[in-house]
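Structure file protein_18.tsv (TSV, C-alpha atoms) is printed below.
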chain	number	residue	atom	x	y	z
A	1222	MET	CA	104.64	89.04	77.67
A	1223	PRO	CA	101.88	89.46	80.21
A	1224	PRO	CA	98.32	88.51	79.24
A	1225	GLU	CA	96.02	91.11	77.73
A	1226	GLY	CA	94.92	93.75	80.19
A	1227	CYS	CA	95.60	97.22	81.43
A	1228	ALA	CA	97.02	99.33	84.22
A	1229	LEU	CA	95.10	101.58	86.60
A	1230	VAL	CA	96.80	104.42	88.45
A	1231	THR	CA	94.66	106.14	91.06
A	1232	GLY	CA	95.17	109.84	91.60
A	1233	ALA	CA	96.91	110.19	88.26
A	1234	SER	CA	95.82	113.67	87.22
A	1235	ARG	CA	99.06	115.24	88.50
A	1236	GLY	CA	102.24	114.74	90.50
A	1237	ILE	CA	103.61	111.28	91.07
A	1238	GLY	CA	100.48	109.58	89.72
A	1239	ALA	CA	100.71	111.37	86.38
A	1240	ALA	CA	104.37	110.43	86.04
A	1241	ILE	CA	103.57	106.80	86.84
A	1242	ALA	CA	100.74	106.70	84.30
A	1243	LYS	CA	103.04	107.98	81.57
A	1244	ALA	CA	105.83	105.57	82.50
A	1245	LEU	CA	103.51	102.55	82.36
A	1246	ALA	CA	102.02	103.71	79.07
A	1247	ALA	CA	105.51	103.95	77.64
A	1248	GLU	CA	105.96	100.30	78.56
A	1249	GLY	CA	102.97	99.40	76.43
A	1250	TRP	CA	100.23	99.23	79.07
A	1251	PRO	CA	96.87	100.80	78.25
A	1252	VAL	CA	96.40	103.02	81.31
A	1253	GLY	CA	93.36	104.09	83.30
A	1254	VAL	CA	94.15	107.63	84.50
A	1255	ASN	CA	91.96	107.96	87.59
A	1256	TYR	CA	91.03	111.32	89.06
A	1257	ARG	CA	88.59	112.47	91.71
A	1258	SER	CA	87.94	116.07	90.69
A	1259	ASP	CA	90.80	117.25	88.48
A	1260	GLU	CA	89.20	116.32	85.16
A	1261	GLU	CA	91.40	118.74	83.26
A	1262	GLY	CA	94.60	117.30	84.70
A	1263	ALA	CA	93.56	113.76	83.90
A	1264	GLY	CA	92.56	114.78	80.40
A	1265	THR	CA	95.98	116.31	79.87
A	1266	VAL	CA	97.72	113.13	81.03
A	1267	GLN	CA	95.52	111.06	78.72
A	1268	ALA	CA	96.28	113.36	75.80
A	1269	GLU	CA	100.01	113.28	76.46
A	1270	ILE	CA	100.00	109.48	76.55
A	1271	GLU	CA	98.04	109.27	73.32
A	1272	ALA	CA	100.27	111.82	71.63
A	1273	ALA	CA	103.23	109.60	72.48
A	1274	GLY	CA	101.53	106.64	70.81
A	1275	GLY	CA	100.09	105.00	73.92
A	1276	GLN	CA	96.58	104.19	75.09
A	1277	ALA	CA	94.85	105.81	78.03
A	1278	LEU	CA	91.43	106.56	79.43
A	1279	ALA	CA	90.69	109.18	82.08
A	1280	VAL	CA	88.34	107.57	84.63
A	1281	GLN	CA	86.60	109.57	87.33
A	1282	GLY	CA	86.10	108.07	90.77
A	1283	ASP	CA	86.78	108.78	94.42
A	1284	VAL	CA	88.56	105.69	95.75
A	1285	ALA	CA	86.95	106.36	99.14
A	1286	ASP	CA	83.58	105.52	97.53
A	1287	PRO	CA	82.97	101.76	97.07
A	1288	ASP	CA	80.48	102.22	94.24
A	1289	ALA	CA	82.88	104.45	92.37
A	1290	VAL	CA	85.54	101.76	92.53
A	1291	ASP	CA	83.24	99.18	90.90
A	1292	GLN	CA	82.24	101.66	88.26
A	1293	MET	CA	85.84	102.51	87.42
A	1294	PHE	CA	86.84	98.91	87.03
A	1295	ALA	CA	83.82	98.13	84.87
A	1296	GLU	CA	84.71	101.01	82.54
A	1297	LEU	CA	88.30	99.91	82.18
A	1298	GLU	CA	87.50	96.23	81.79
A	1299	GLN	CA	85.11	97.00	79.01
A	1300	ARG	CA	87.63	99.15	77.16
A	1301	PHE	CA	90.96	97.42	77.77
A	1302	GLY	CA	90.38	94.11	79.54
A	1303	PRO	CA	91.21	93.20	83.15
A	1304	VAL	CA	93.34	95.49	85.32
A	1305	LEU	CA	96.61	93.60	85.71
A	1306	VAL	CA	98.70	96.45	87.12
A	1307	LEU	CA	97.17	98.49	89.93
A	1308	VAL	CA	99.02	101.47	91.37
A	1309	ASN	CA	97.38	102.77	94.54
A	1310	ASN	CA	98.70	106.28	94.44
A	1311	ALA	CA	95.67	108.41	95.34
A	1312	GLY	CA	96.63	110.21	98.51
A	1313	VAL	CA	95.56	113.22	100.51
A	1314	ARG	CA	96.90	115.13	103.48
A	1315	ALA	CA	95.12	116.99	106.27
A	1316	ASP	CA	97.88	117.94	108.63
A	1317	GLY	CA	97.69	119.01	112.22
A	1318	LEU	CA	99.09	118.00	115.59
A	1319	SER	CA	97.20	114.92	116.73
A	1320	MET	CA	95.68	116.73	119.71
A	1321	GLN	CA	94.02	119.10	117.25
A	1322	LEU	CA	93.02	116.77	114.43
A	1323	ASP	CA	89.29	116.40	114.23
A	1324	ASP	CA	87.46	113.19	113.35
A	1325	ASP	CA	86.82	114.23	109.77
A	1326	GLU	CA	90.46	115.02	109.11
A	1327	TRP	CA	91.43	111.63	110.51
A	1328	GLU	CA	88.75	109.66	108.68
A	1329	HIS	CA	89.13	111.37	105.33
A	1330	VAL	CA	92.86	110.66	105.08
A	1331	LEU	CA	92.45	107.04	106.19
A	1332	ALA	CA	89.48	106.52	103.88
A	1333	THR	CA	91.32	107.72	100.79
A	1334	ASN	CA	94.87	106.61	101.44
A	1335	LEU	CA	94.28	103.25	103.09
A	1336	SER	CA	90.70	102.04	102.69
A	1337	GLY	CA	90.67	103.21	99.08
A	1338	ALA	CA	93.72	101.10	98.36
A	1339	PHE	CA	92.05	98.11	100.02
A	1340	ARG	CA	88.93	98.46	97.89
A	1341	THR	CA	90.73	98.81	94.59
A	1342	THR	CA	93.04	95.92	95.43
A	1343	ARG	CA	90.17	93.67	96.45
A	1344	ARG	CA	88.49	94.40	93.16
A	1345	ALA	CA	91.60	94.05	91.02
A	1346	LEU	CA	92.66	90.72	92.53
A	1347	LYS	CA	89.68	88.99	90.91
A	1348	GLY	CA	91.00	89.56	87.40
A	1349	MET	CA	94.65	89.16	88.36
A	1350	MET	CA	94.13	85.79	90.00
A	1351	ARG	CA	92.25	84.49	86.98
A	1352	ALA	CA	94.96	85.71	84.65
A	1353	ARG	CA	97.61	84.23	86.94
A	1354	HIS	CA	99.40	87.58	86.55
A	1355	GLY	CA	99.21	90.82	88.50
A	1356	ARG	CA	101.09	93.72	89.98
A	1357	VAL	CA	99.80	95.77	92.90
A	1358	ILE	CA	102.01	98.71	93.81
A	1359	ASN	CA	101.09	100.85	96.79
A	1360	ILE	CA	102.58	104.31	97.06
A	1361	ALA	CA	103.45	104.65	100.74
A	1362	SER	CA	105.89	107.13	102.30
A	1363	VAL	CA	108.99	107.25	104.48
A	1364	VAL	CA	106.79	108.72	107.19
A	1365	GLY	CA	104.81	105.48	107.14
A	1366	GLY	CA	106.66	103.72	109.91
A	1367	VAL	CA	110.28	104.66	109.21
A	1368	ARG	CA	110.51	108.31	110.19
A	1369	GLY	CA	108.12	110.31	112.35
A	1370	ASN	CA	107.00	113.71	111.12
A	1371	ALA	CA	105.05	115.77	113.64
A	1372	GLY	CA	101.71	116.98	112.33
A	1373	GLN	CA	101.03	113.97	110.12
A	1374	ALA	CA	99.57	111.35	112.43
A	1375	ASN	CA	96.71	110.58	110.04
A	1376	TYR	CA	98.86	110.54	106.91
A	1377	ALA	CA	101.60	108.49	108.60
A	1378	ALA	CA	99.09	105.99	110.00
A	1379	SER	CA	97.54	105.54	106.55
A	1380	LYS	CA	100.94	104.99	104.94
A	1381	ALA	CA	102.17	102.62	107.64
A	1382	GLY	CA	98.88	100.77	107.22
A	1383	LEU	CA	99.61	100.45	103.50
A	1384	VAL	CA	102.89	98.73	104.28
A	1385	GLY	CA	101.25	96.13	106.54
A	1386	PHE	CA	98.52	95.66	103.95
A	1387	THR	CA	101.16	95.17	101.25
A	1388	ARG	CA	102.94	92.40	103.13
A	1389	THR	CA	99.78	90.53	103.99
A	1390	VAL	CA	98.20	90.56	100.57
A	1391	ALA	CA	101.53	89.66	98.99
A	1392	ALA	CA	101.64	86.50	101.11
A	1393	GLU	CA	98.07	85.64	100.13
A	1394	VAL	CA	98.39	85.76	96.38
A	1395	ALA	CA	102.04	85.16	95.54
A	1396	ARG	CA	101.53	81.72	94.14
A	1397	ARG	CA	99.09	83.05	91.55
A	1398	GLY	CA	101.78	85.15	89.89
A	1399	VAL	CA	100.53	88.32	91.58
A	1400	THR	CA	103.10	90.50	93.32
A	1401	VAL	CA	102.23	93.21	95.84
A	1402	ASN	CA	104.80	95.82	96.78
A	1403	ALA	CA	105.06	99.32	98.15
A	1404	VAL	CA	107.17	102.26	97.07
A	1405	ALA	CA	108.01	104.73	99.84
A	1406	PRO	CA	109.02	108.12	98.50
A	1407	GLY	CA	110.84	110.63	100.65
A	1408	LEU	CA	110.48	114.28	99.77
A	1409	VAL	CA	109.21	114.75	96.22
A	1410	GLU	CA	108.19	118.16	94.91
A	1411	THR	CA	104.53	118.01	93.95
A	1412	GLU	CA	101.36	119.85	94.94
A	1413	LEU	CA	101.01	117.50	97.90
A	1414	THR	CA	104.25	118.79	99.45
A	1415	GLU	CA	103.59	122.48	98.80
A	1416	GLY	CA	103.60	124.45	102.01
A	1417	ILE	CA	105.89	122.06	103.86
A	1418	ASP	CA	109.16	123.52	105.12
A	1419	GLN	CA	111.09	121.89	102.31
A	1420	GLN	CA	114.49	123.44	103.00
A	1421	ARG	CA	114.59	121.96	106.49
A	1422	LEU	CA	113.85	118.54	105.04
A	1423	ILE	CA	116.30	118.88	102.17
A	1424	ASP	CA	119.07	119.68	104.67
A	1425	ALA	CA	118.42	116.26	106.19
A	1426	VAL	CA	118.58	114.46	102.84
A	1427	PRO	CA	122.07	113.17	102.00
A	1428	ALA	CA	121.40	113.75	98.33
A	1429	ARG	CA	120.62	117.39	99.21
A	1430	ARG	CA	117.61	117.62	96.91
A	1431	ALA	CA	114.04	116.53	96.60
A	1432	GLY	CA	113.21	113.62	94.32
A	1433	THR	CA	111.23	113.99	91.10
A	1434	PRO	CA	107.96	112.27	90.22
A	1435	GLU	CA	109.80	110.57	87.34
A	1436	GLU	CA	112.26	108.97	89.76
A	1437	ILE	CA	109.38	107.43	91.70
A	1438	ALA	CA	107.69	106.36	88.46
A	1439	ALA	CA	110.85	104.55	87.36
A	1440	CYS	CA	110.67	102.36	90.46
A	1441	VAL	CA	107.01	101.60	89.82
A	1442	ARG	CA	107.83	100.73	86.24
A	1443	PHE	CA	110.39	98.19	87.43
A	1444	LEU	CA	108.01	96.61	89.95
A	1445	ALA	CA	105.31	96.37	87.30
A	1446	SER	CA	107.63	94.61	84.87
A	1447	ASP	CA	108.17	90.90	84.26
A	1448	ASP	CA	111.71	91.34	85.61
A	1449	ALA	CA	110.29	91.94	89.08
A	1450	ALA	CA	108.31	88.68	89.20
A	1451	TYR	CA	110.20	87.45	92.28
A	1452	VAL	CA	109.88	90.72	94.19
A	1453	THR	CA	106.88	90.73	96.48
A	1454	GLY	CA	105.83	91.93	99.93
A	1455	THR	CA	108.58	94.51	100.06
A	1456	THR	CA	108.84	98.30	100.32
A	1457	LEU	CA	111.23	100.13	98.02
A	1458	THR	CA	112.31	103.35	99.68
A	1459	VAL	CA	113.18	106.17	97.28
A	1460	ASP	CA	114.41	109.05	99.41
A	1461	GLY	CA	117.91	110.20	98.49
A	1462	GLY	CA	119.26	108.55	101.64
A	1463	LEU	CA	116.93	110.31	104.12
A	1464	THR	CA	116.27	107.12	106.09
A	1465	ALA	CA	119.61	105.42	105.41
B	217	MET	CA	73.69	84.83	86.55
B	218	SER	CA	73.69	82.56	83.56
B	219	GLU	CA	72.74	79.14	84.88
B	220	THR	CA	69.99	77.61	86.94
B	221	ALA	CA	71.48	76.02	90.02
B	222	THR	CA	70.56	72.35	90.03
B	223	GLN	CA	72.56	69.58	91.69
B	224	GLU	CA	73.88	68.70	88.25
B	225	THR	CA	74.90	72.14	87.00
B	226	VAL	CA	76.42	73.13	90.32
B	227	GLU	CA	78.37	69.88	90.54
B	228	THR	CA	79.71	70.34	87.02
B	229	THR	CA	80.75	73.93	87.68
B	230	ILE	CA	82.42	73.20	91.01
B	231	VAL	CA	84.19	70.05	89.85
B	232	ASP	CA	85.48	71.85	86.75
B	233	ALA	CA	86.66	74.79	88.81
B	234	ILE	CA	88.51	72.57	91.25
B	235	ALA	CA	90.06	70.41	88.55
B	236	LYS	CA	91.59	73.54	86.99
B	237	LEU	CA	93.41	74.20	90.26
B	238	GLY	CA	95.55	71.09	90.13
B	239	PRO	CA	93.84	67.90	91.27
B	240	GLU	CA	93.26	65.09	88.84
B	241	PRO	CA	89.64	65.29	87.61
B	242	ASP	CA	88.84	61.73	88.68
B	243	GLN	CA	89.88	62.56	92.25
B	244	VAL	CA	87.31	65.35	92.51
B	245	THR	CA	84.37	63.37	93.86
B	246	ARG	CA	81.58	64.48	96.20
B	247	ASP	CA	83.24	62.78	99.15
B	248	ALA	CA	86.71	64.15	98.49
B	249	SER	CA	87.88	66.56	101.17
B	250	PHE	CA	89.46	69.81	100.08
B	251	GLU	CA	92.41	68.93	102.25
B	252	SER	CA	93.02	65.68	100.41
B	253	LEU	CA	92.81	67.58	97.11
B	254	ASP	CA	95.31	70.15	98.36
B	255	ILE	CA	92.73	72.90	97.90
B	256	ASP	CA	93.29	75.74	100.36
B	257	SER	CA	91.43	78.91	101.25
B	258	LEU	CA	92.83	80.89	98.33
B	259	ASP	CA	91.69	78.18	95.93
B	260	LEU	CA	88.24	78.20	97.51
B	261	VAL	CA	88.00	81.96	97.02
B	262	GLU	CA	88.51	81.38	93.31
B	263	VAL	CA	85.87	78.66	93.25
B	264	ALA	CA	83.50	81.00	95.11
B	265	GLN	CA	84.03	83.68	92.47
B	266	ILE	CA	83.18	81.25	89.68
B	267	VAL	CA	80.08	80.12	91.57
B	268	GLU	CA	79.02	83.74	92.04
B	269	GLU	CA	79.43	84.49	88.36
B	270	GLU	CA	77.58	81.36	87.23
B	271	PHE	CA	74.72	81.23	89.72
B	272	GLY	CA	74.69	84.56	91.53
B	273	VAL	CA	75.27	82.77	94.85
B	274	VAL	CA	77.63	84.63	97.17
B	275	LEU	CA	79.76	82.58	99.54
B	276	LYS	CA	81.38	84.48	102.37
B	277	GLY	CA	84.41	83.63	104.45
B	278	GLU	CA	82.34	82.18	107.30
B	279	ASP	CA	80.52	79.90	104.83
B	280	MET	CA	83.73	78.58	103.39
B	281	GLU	CA	85.16	77.71	106.77
B	282	LYS	CA	82.40	75.14	107.23
B	283	LEU	CA	83.04	73.38	103.92
B	284	ASN	CA	85.10	70.23	104.21
B	285	THR	CA	84.22	68.22	101.11
B	286	VAL	CA	83.29	68.90	97.51
B	287	GLY	CA	79.79	67.66	98.36
B	288	ASP	CA	79.47	70.26	101.14
B	289	ALA	CA	80.17	73.01	98.65
B	290	ILE	CA	77.72	71.68	96.07
B	291	ASP	CA	74.95	71.30	98.63
B	292	LEU	CA	75.48	74.77	100.06
B	293	VAL	CA	75.31	76.44	96.67
B	294	VAL	CA	72.17	74.55	95.68
B	295	ALA	CA	70.54	75.42	99.03
B	296	ARG	CA	71.45	79.11	98.71
B	297	ALA	CA	70.24	79.34	95.15
B	298	SER	CA	66.75	78.10	95.92
Just dump the structure as structure tokens.
Amino acid sequence: MPPEGCALVTGASRGIGAAIAKALAAEGWPVGVNYRSDEEGAGTVQAEIEAAGGQALAVQGDVADPDAVDQMFAELEQRFGPVLVLVNNAGVRADGLSMQLDDDEWEHVLATNLSGAFRTTRRALKGMMRARHGRVINIASVVGGVRGNAGQANYAASKAGLVGFTRTVAAEVARRGVTVNAVAPGLVETELTEGIDQQRLIDAVPARRAGTPEEIAACVRFLASDDAAYVTGTTLTVDGGLTA
Amino acid sequence: MSETATQETVETTIVDAIAKLGPEPDQVTRDASFESLDIDSLDLVEVAQIVEEEFGVVLKGEDMEKLNTVGDAIDLVVARAS
């Protein structure tokens, strides 16, 4: 049994994040359901977790804002104890061919997807190291270094960055009982993938379908468990064979 | 910040913090080098966190690189706190 503490899932008001929050709650973790602006969505996730007998707290905060990160952690620590499972899932897209991406579109995606994960991890490691137990799980993507997808230079760079970040931090803290891994989903049907030519992608997927948020959450649940204590610094690709 | 940083309080805090990381308490003397105590950069980060919580003194990466012995760390914290 891990020491007393909680889980924090960033960007958990919908999609993959919401599924992850519910999966961790079902494992017994009190869960911080972070959202930036979708208060209603986060509230729904919190309510669903509580209705199922779990514990949750919707916590507002933009991971791209350093002060917001501190605030979020303080709120959760006060309510549930240290964050011992951190899932860096908050992610945004701002697509365009690289010759047409403007600075804001580049910066915004990097700030949320990559720098945000760095800030939350830096903050969470304090409590995890002390407890000699921790799980950091970064939600990356198959486009992060394994498969190029035109029009997503900023998104792909942020996700590839997450993979490098994962390996490095894993090596730093492994002997304190803290594992750091990434999960790289392929095509999953959520609001983030609306508007993408899904059929063209599905034709390229051996499994001939998109994945579900629950299938990604199941992998996170494993990595967050005691069973995965010897798994660290790796990326678990969940893509129906797309990059096989 | 919960403690005033005197030579005595800082020494107690730092020695206690280091002893929890593995070395035998009687080996953690002012002259002992971190290398001889098998204390590496990750361990020092933990000690720095404890020091920050106790005395409000922040030690950054470049500070830690210059610390070779337990005494170096104690002296730096006392100097920074005053």
Chain B contacts to chain A at 12 Å (all atoms listed in the file) as an mmCIF file with C-alpha atoms, in the coordinates of the input:
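Final output, saved to iface18.cif:
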data_model
loop_
_atom_site.group_PDB
_atom_site.id
_atom_site.type_symbol
_atom_site.label_atom_id
_atom_site.label_comp_id
_atom_site.auth_asym_id
_atom_site.auth_seq_id
_atom_site.Cartn_x
_atom_site.Cartn_y
_atom_site.Cartn_z
ATOM 1 C CA ALA B 233 86.660 74.790 88.810
ATOM 2 C CA LYS B 236 91.590 73.540 86.990
ATOM 3 C CA LEU B 237 93.410 74.200 90.260
ATOM 4 C CA ASP B 256 93.290 75.740 100.360
ATOM 5 C CA SER B 257 91.430 78.910 101.250
ATOM 6 C CA LEU B 258 92.830 80.890 98.330
ATOM 7 C CA ASP B 259 91.690 78.180 95.930
ATOM 8 C CA VAL B 261 88.000 81.960 97.020
ATOM 9 C CA GLU B 262 88.510 81.380 93.310
ATOM 10 C CA VAL B 263 85.870 78.660 93.250
ATOM 11 C CA ALA B 264 83.500 81.000 95.110
ATOM 12 C CA GLN B 265 84.030 83.680 92.470
ATOM 13 C CA ILE B 266 83.180 81.250 89.680
ATOM 14 C CA GLU B 268 79.020 83.740 92.040
ATOM 15 C CA GLU B 269 79.430 84.490 88.360
#
So what do you get for CA of Arg1353 (chain A) versus CA of Gly1398 (chain A), distance-wise?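 Spanning CA of Arg1353 (chain A) to CA of Gly1398 (chain A) is a straight-line distance of 5.2 Å.
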Neighbour list for Arg1235 (chain A) as a list in words, cut-off 8 Å, only C-alpha atoms, skip fewer than 2 positions in-chain: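 Answer for this query is Gly1232, Ala1233, Ile1237, Gly1238, Ala1239, Ala1240, Gly1262, Ala1263 and Val1266 of chain A.
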For Gly272 (chain B), work out the shell of residues within 12 Å, counting only C-alpha atoms and skipping chain neighbours fewer than 3 positions away, then give it as number ranges by chain. B: 217-221, 226, 264-269, 275, 293-294, 296-298
Next, the residues of the selection above should be written as a PDB file, in the coordinates of the input with C-alpha atoms.
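Once everything was written out, this is result21.pdb:
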ATOM      1  CA  MET B 217      73.690  84.830  86.550  1.00  0.00           C
ATOM      2  CA  SER B 218      73.690  82.560  83.560  1.00  0.00           C
ATOM      3  CA  GLU B 219      72.740  79.140  84.880  1.00  0.00           C
ATOM      4  CA  THR B 220      69.990  77.610  86.940  1.00  0.00           C
ATOM      5  CA  ALA B 221      71.480  76.020  90.020  1.00  0.00           C
ATOM      6  CA  VAL B 226      76.420  73.130  90.320  1.00  0.00           C
ATOM      7  CA  ALA B 264      83.500  81.000  95.110  1.00  0.00           C
ATOM      8  CA  GLN B 265      84.030  83.680  92.470  1.00  0.00           C
ATOM      9  CA  ILE B 266      83.180  81.250  89.680  1.00  0.00           C
ATOM     10  CA  VAL B 267      80.080  80.120  91.570  1.00  0.00           C
ATOM     11  CA  GLU B 268      79.020  83.740  92.040  1.00  0.00           C
ATOM     12  CA  GLU B 269      79.430  84.490  88.360  1.00  0.00           C
ATOM     13  CA  LEU B 275      79.760  82.580  99.540  1.00  0.00           C
ATOM     14  CA  VAL B 293      75.310  76.440  96.670  1.00  0.00           C
ATOM     15  CA  VAL B 294      72.170  74.550  95.680  1.00  0.00           C
ATOM     16  CA  ARG B 296      71.450  79.110  98.710  1.00  0.00           C
ATOM     17  CA  ALA B 297      70.240  79.340  95.150  1.00  0.00           C
ATOM     18  CA  SER B 298      66.750  78.100  95.920  1.00  0.00           C
TER      19      SER B 298
END
If you measure from CA of Asp1424 (chain A) to CA of Val1441 (chain A), what distance in Å do you get, rounded to one decimal?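 For CA of Asp1424 (chain A) relative to CA of Val1441 (chain A), the distance reads 26.3 Å.
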Please report, as AutoDock Vina command-line options, the centre and edge lengths in Å to one decimal of an axis-aligned box covering all listed atoms of region 247-251 of chain B with 5 Å per side.
--center_x 87.8 --center_y 66.3 --center_z 100.4 --size_x 19.2 --size_y 17.0 --size_z 13.8
How about completing region 1346-1363 of chain A with N, CA and C atoms and giving it to me as a PDB file, keeping the file's coordinate frame?
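For reference, selection35.pdb as written:
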ATOM      1  N   LEU A1346      92.144  92.087  92.348  1.00  0.00           N
ATOM      2  CA  LEU A1346      92.660  90.720  92.530  1.00  0.00           C
ATOM      3  C   LEU A1346      91.829  89.689  91.777  1.00  0.00           C
ATOM      4  N   LYS A1347      90.527  89.949  91.628  1.00  0.00           N
ATOM      5  CA  LYS A1347      89.680  88.990  90.910  1.00  0.00           C
ATOM      6  C   LYS A1347      90.264  88.669  89.540  1.00  0.00           C
ATOM      7  N   GLY A1348      90.497  89.741  88.759  1.00  0.00           N
ATOM      8  CA  GLY A1348      91.000  89.560  87.400  1.00  0.00           C
ATOM      9  C   GLY A1348      92.443  89.060  87.382  1.00  0.00           C
ATOM     10  N   MET A1349      93.237  89.551  88.337  1.00  0.00           N
ATOM     11  CA  MET A1349      94.650  89.160  88.360  1.00  0.00           C
ATOM     12  C   MET A1349      94.816  87.681  88.677  1.00  0.00           C
ATOM     13  N   MET A1350      94.010  87.202  89.627  1.00  0.00           N
ATOM     14  CA  MET A1350      94.130  85.790  90.000  1.00  0.00           C
ATOM     15  C   MET A1350      93.752  84.905  88.830  1.00  0.00           C
ATOM     16  N   ARG A1351      92.688  85.288  88.135  1.00  0.00           N
ATOM     17  CA  ARG A1351      92.250  84.490  86.980  1.00  0.00           C
ATOM     18  C   ARG A1351      93.317  84.471  85.903  1.00  0.00           C
ATOM     19  N   ALA A1352      93.949  85.623  85.697  1.00  0.00           N
ATOM     20  CA  ALA A1352      94.960  85.710  84.650  1.00  0.00           C
ATOM     21  C   ALA A1352      96.282  85.113  85.098  1.00  0.00           C
ATOM     22  N   ARG A1353      96.371  84.752  86.361  1.00  0.00           N
ATOM     23  CA  ARG A1353      97.610  84.230  86.940  1.00  0.00           C
ATOM     24  C   ARG A1353      98.741  85.251  86.757  1.00  0.00           C
ATOM     25  N   HIS A1354      98.389  86.541  86.711  1.00  0.00           N
ATOM     26  CA  HIS A1354      99.400  87.580  86.550  1.00  0.00           C
ATOM     27  C   HIS A1354      98.861  88.877  87.139  1.00  0.00           C
ATOM     28  N   GLY A1355      99.673  89.533  87.993  1.00  0.00           N
ATOM     29  CA  GLY A1355      99.210  90.820  88.500  1.00  0.00           C
ATOM     30  C   GLY A1355     100.308  91.564  89.222  1.00  0.00           C
ATOM     31  N   ARG A1356     100.148  92.863  89.273  1.00  0.00           N
ATOM     32  CA  ARG A1356     101.090  93.720  89.980  1.00  0.00           C
ATOM     33  C   ARG A1356     100.284  94.751  90.764  1.00  0.00           C
ATOM     34  N   VAL A1357     100.415  94.723  92.085  1.00  0.00           N
ATOM     35  CA  VAL A1357      99.800  95.770  92.900  1.00  0.00           C
ATOM     36  C   VAL A1357     100.934  96.561  93.503  1.00  0.00           C
ATOM     37  N   ILE A1358     100.936  97.867  93.282  1.00  0.00           N
ATOM     38  CA  ILE A1358     102.010  98.710  93.810  1.00  0.00           C
ATOM     39  C   ILE A1358     101.373  99.837  94.609  1.00  0.00           C
ATOM     40  N   ASN A1359     101.666  99.856  95.892  1.00  0.00           N
ATOM     41  CA  ASN A1359     101.090 100.850  96.790  1.00  0.00           C
ATOM     42  C   ASN A1359     102.091 101.955  97.059  1.00  0.00           C
ATOM     43  N   ILE A1360     101.669 103.196  96.813  1.00  0.00           N
ATOM     44  CA  ILE A1360     102.580 104.310  97.060  1.00  0.00           C
ATOM     45  C   ILE A1360     102.440 104.711  98.525  1.00  0.00           C
ATOM     46  N   ALA A1361     103.452 104.373  99.301  1.00  0.00           N
ATOM     47  CA  ALA A1361     103.450 104.650 100.740  1.00  0.00           C
ATOM     48  C   ALA A1361     104.249 105.937 100.981  1.00  0.00           C
ATOM     49  N   SER A1362     105.099 105.936 102.000  1.00  0.00           N
ATOM     50  CA  SER A1362     105.890 107.130 102.300  1.00  0.00           C
ATOM     51  C   SER A1362     106.911 106.781 103.364  1.00  0.00           C
ATOM     52  N   VAL A1363     108.014 107.491 103.409  1.00  0.00           N
ATOM     53  CA  VAL A1363     108.990 107.250 104.480  1.00  0.00           C
ATOM     54  C   VAL A1363     108.395 107.577 105.848  1.00  0.00           C
TER      55      VAL A1363
END
